[in-house]
Amino acid sequence: MNKPATIDFATATAINIPTAAPVQALHDLVPGEARDSLLAVHDVLRRELPQGQLATYEAGGGSCSVLPPELLSRSTVTVVDIDEDQVRNNTYADEAILGDVQTYSFGRETFDLVICYNVIEHLPHVDAALLNFRDALKPGGMILIGAPNPRSLSGVVTKYSPHWFHVWFYRNIRGIKDAGLPGEPPFPTFFHPLVTLPRLAAFAAANGLEMIYRREVESPRYPEMRRRKPLFATLVDAGASMLNAVLPRGTDVRRGDYHVILRKS
């Protein structure tokens, strides 16, 4: 693999990066459990992160940040992404690196925070990425992970359906007309075993990472569907309710996403 190219945003105009574009915050989700959990994550980060300037690594960072504006404003942000279009679309990073988060390594104890949001499901070697993140963290530093639950209804459909169906869903149900174009989601999904939350928790504990926040939430696709395609959403909800009725008590196959925060010992 060639050495990843580094894009310095001081020369952004030379590579046509829209530096004046506003940062889209992921907490602008439609109201629902996922949005509520992400706001709770923000509270944990405000409380637990050190005061002053922060060194933040966004693994797979694209055109929007999961950080609330007040934390983003005091962060020096480094983004690594394997997709050149995603790197070019980024408007808020201080340094953007074209590279693979599974193999790209920084100096030890470099960052206060690593963010890996909607990324690990796309990686064939999640274990390598997580160990890279851990090594790059300062003692007490944190990793924020947002990911889909492979055991949910949406996770099973995503895992076993072809990629063209994902593109169709994004375009026709979610209303994202550019879906599937270069640099635009959905991206191919691997679902490494460590994406499953109990296995992720066990791996973290075995490698010096304490899980200080964990919440499974209804996928934001459900409130989106209820708003945009109510008839389709009614059919999906009915199917989910039937599955819940035959599965062990307390199971809800609509809990298609989770947020965790891991802290380095």
# chains A, B, ... in the order shown; residues from 1 in each chain; ligands from 1
$ residues_around --residues "Val157 in chain A" --least-positions-apart "4" --cutoff "12 Å" --atoms "only C-alpha atoms" --output "VMD selection string"
chain A and resid 148 to 153 161 to 163 165 to 166 169 189 191 236 253 to 254 256
$ write_last_selection --atoms "C-alpha atoms" --output "PDB file, in the first residue's frame"
ATOM      1  CA  PRO A 148     -25.393  -0.670  13.697  1.00  0.00           C
ATOM      2  CA  ASN A 149     -26.457  -3.746  15.632  1.00  0.00           C
ATOM      3  CA  PRO A 150     -25.927  -6.808  13.377  1.00  0.00           C
ATOM      4  CA  ARG A 151     -28.574  -8.758  15.340  1.00  0.00           C
ATOM      5  CA  SER A 152     -31.349  -6.230  14.696  1.00  0.00           C
ATOM      6  CA  LEU A 153     -33.844  -6.370  11.845  1.00  0.00           C
ATOM      7  CA  SER A 161     -28.981  -7.987   1.085  1.00  0.00           C
ATOM      8  CA  PRO A 162     -26.978  -6.833  -1.969  1.00  0.00           C
ATOM      9  CA  HIS A 163     -25.438  -3.385  -2.071  1.00  0.00           C
ATOM     10  CA  PHE A 165     -30.680  -2.692  -2.429  1.00  0.00           C
ATOM     11  CA  HIS A 166     -28.957  -0.399   0.109  1.00  0.00           C
ATOM     12  CA  PHE A 169     -33.340   2.218   0.093  1.00  0.00           C
ATOM     13  CA  THR A 189     -20.618  -3.392   4.748  1.00  0.00           C
ATOM     14  CA  PHE A 191     -19.969  -6.720   9.770  1.00  0.00           C
ATOM     15  CA  VAL A 236     -42.016  -2.640   8.724  1.00  0.00           C
ATOM     16  CA  VAL A 253     -35.388  -5.954  16.679  1.00  0.00           C
ATOM     17  CA  ARG A 254     -35.878  -2.243  15.988  1.00  0.00           C
ATOM     18  CA  GLY A 256     -30.672  -1.251  15.188  1.00  0.00           C
TER      19      GLY A 256
END
$ closest_residue --among "A:Gln53, A:Ser105, A:Asn118, A:Gln86" --to "Arg74 in chain A" --atoms "only C-alpha atoms"
A:Gln53
$ closest_residue --among "A:Thr91, A:Ser75, A:Ser37, A:Thr251" --to "Leu113 in chain A" --atoms "only C-alpha atoms"
A:Ser75
$ select_by_dssp --residues "range 103-155 of chain A" --states "strand (DSSP E)" --output "list in words"
Phe111, Asp112, Leu113, Val114, Ile115, Cys116, Tyr117, Leu137, Lys138, Pro139, Gly140, Gly141, Met142, Ile143, Leu144, Ile145, Gly146, Ala147 and Pro148 of chain A
$ closest_residue --among "A:Tyr57, A:Tyr104, A:Phe133, A:Tyr92" --to "Leu209 in chain A" --atoms "only C-alpha atoms"
A:Phe133
$ closest_residue --among "A:Val217, A:Ile173, A:Leu98, A:Ile212" --to "Glu48 in chain A" --atoms "only C-alpha atoms"
A:Ile212
$ select_by_dssp --residues "range 199-245 of chain A" --states "alpha helix (DSSP H)" --output "PyMOL selection string"
chain A and resi 199-206+221-228+230-245
$ write_last_selection --atoms "N, CA and C atoms" --output "compact mmCIF listing (two decimals), in the first residue's frame"
# COMPACT_ATOMS: atom_id res chain seq x y z
N ARG A 199 -19.45 -8.87 21.90
CA ARG A 199 -18.06 -9.20 21.54
C ARG A 199 -17.18 -7.95 21.58
N LEU A 200 -17.74 -6.83 21.18
CA LEU A 200 -16.98 -5.57 21.28
C LEU A 200 -16.66 -5.27 22.74
N ALA A 201 -17.64 -5.46 23.63
CA ALA A 201 -17.42 -5.19 25.06
C ALA A 201 -16.34 -6.10 25.62
N ALA A 202 -16.35 -7.39 25.26
CA ALA A 202 -15.35 -8.33 25.75
C ALA A 202 -13.97 -7.98 25.22
N PHE A 203 -13.87 -7.63 23.95
CA PHE A 203 -12.58 -7.26 23.36
C PHE A 203 -12.03 -6.02 24.03
N ALA A 204 -12.88 -5.03 24.27
CA ALA A 204 -12.45 -3.80 24.92
C ALA A 204 -11.88 -4.10 26.31
N ALA A 205 -12.62 -4.89 27.09
CA ALA A 205 -12.19 -5.20 28.46
C ALA A 205 -10.86 -5.95 28.46
N ALA A 206 -10.64 -6.81 27.47
CA ALA A 206 -9.39 -7.59 27.40
C ALA A 206 -8.21 -6.76 26.93
N ARG A 221 -33.55 5.13 11.22
CA ARG A 221 -34.30 4.88 9.98
C ARG A 221 -35.79 4.75 10.25
N TYR A 222 -36.17 4.26 11.45
CA TYR A 222 -37.60 4.10 11.75
C TYR A 222 -38.34 5.43 11.83
N PRO A 223 -37.89 6.39 12.65
CA PRO A 223 -38.60 7.69 12.64
C PRO A 223 -38.53 8.39 11.30
N GLU A 224 -37.42 8.18 10.56
CA GLU A 224 -37.36 8.75 9.21
C GLU A 224 -38.45 8.16 8.33
N MET A 225 -38.59 6.82 8.37
CA MET A 225 -39.61 6.17 7.54
C MET A 225 -41.02 6.59 7.95
N ARG A 226 -41.25 6.70 9.26
CA ARG A 226 -42.60 7.07 9.72
C ARG A 226 -42.97 8.47 9.23
N ARG A 227 -41.98 9.31 9.08
CA ARG A 227 -42.25 10.67 8.62
C ARG A 227 -42.37 10.74 7.10
N ARG A 228 -41.47 10.03 6.39
CA ARG A 228 -41.42 10.14 4.93
C ARG A 228 -42.34 9.15 4.22
N PRO A 230 -45.07 6.73 5.58
CA PRO A 230 -45.82 6.15 6.70
C PRO A 230 -46.40 4.77 6.42
N LEU A 231 -46.88 4.50 5.22
CA LEU A 231 -47.42 3.18 4.92
C LEU A 231 -46.34 2.12 4.96
N PHE A 232 -45.22 2.40 4.32
CA PHE A 232 -44.09 1.47 4.35
C PHE A 232 -43.63 1.25 5.78
N ALA A 233 -43.55 2.32 6.57
CA ALA A 233 -43.12 2.21 7.97
C ALA A 233 -44.09 1.36 8.78
N THR A 234 -45.39 1.47 8.50
CA THR A 234 -46.38 0.66 9.22
C THR A 234 -46.15 -0.82 8.95
N LEU A 235 -45.85 -1.17 7.71
CA LEU A 235 -45.58 -2.57 7.37
C LEU A 235 -44.31 -3.07 8.07
N VAL A 236 -43.27 -2.24 8.08
CA VAL A 236 -42.02 -2.64 8.72
C VAL A 236 -42.22 -2.78 10.23
N ASP A 237 -42.92 -1.83 10.84
CA ASP A 237 -43.20 -1.90 12.28
C ASP A 237 -44.00 -3.16 12.63
N ALA A 238 -44.97 -3.51 11.77
CA ALA A 238 -45.78 -4.70 12.02
C ALA A 238 -44.91 -5.96 11.95
N GLY A 239 -44.02 -6.01 10.98
CA GLY A 239 -43.11 -7.16 10.89
C GLY A 239 -42.19 -7.24 12.10
N ALA A 240 -41.68 -6.09 12.55
CA ALA A 240 -40.82 -6.08 13.73
C ALA A 240 -41.58 -6.54 14.97
N SER A 241 -42.84 -6.11 15.10
CA SER A 241 -43.64 -6.52 16.26
C SER A 241 -43.88 -8.02 16.28
N MET A 242 -44.10 -8.61 15.11
CA MET A 242 -44.29 -10.06 15.04
C MET A 242 -43.01 -10.80 15.44
N LEU A 243 -41.88 -10.31 14.98
CA LEU A 243 -40.61 -10.94 15.37
C LEU A 243 -40.38 -10.81 16.87
N ASN A 244 -40.66 -9.64 17.42
CA ASN A 244 -40.47 -9.44 18.86
C ASN A 244 -41.34 -10.40 19.67
N ALA A 245 -42.52 -10.72 19.16
CA ALA A 245 -43.45 -11.59 19.88
C ALA A 245 -42.94 -13.01 20.01
$ atom_distance --atom1 "CA of Ile143 in chain A" --atom2 "CA of Phe111 in chain A"
9.9 Å
$ closest_residue --among "A:Val114, A:Ile176, A:Leu131, A:Ala147" --to "Arg255 in chain A" --atoms "only C-alpha atoms"
A:Ala147
$ residues_around --residues "His42 in chain A" --least-positions-apart "4" --cutoff "12 Å" --atoms "only C-alpha atoms" --output "PyMOL selection string"
chain A and resi 25-27+35-38+46-49+66-72+144+213+259-261
$ residues_around --residues "Phe190 in chain A" --least-positions-apart "2" --cutoff "12 Å" --atoms "only C-alpha atoms" --output "list of chain:residue names"
A:Val119, A:Ile120, A:Glu121, A:His122, A:Leu123, A:Pro124, A:His125, A:Val126, A:Pro148, A:Pro150, A:Gly155, A:Val156, A:Thr158, A:Lys159, A:Tyr160, A:Ser161, A:Pro162, A:His163, A:Phe187, A:Pro188, A:His192, A:Pro193, A:Leu194, A:Val195, A:Thr196
$ atom_distance --atom1 "CA of Leu137 in chain A" --atom2 "CA of Glu216 in chain A"
24.9 Å
$ atom_distance --atom1 "CA of Val80 in chain A" --atom2 "CA of Asp94 in chain A"
11.4 Å
$ closest_residue --among "A:Ala128, A:Ala59, A:Leu45, A:Ala40" --to "Thr103 in chain A" --atoms "only C-alpha atoms"
A:Ala128
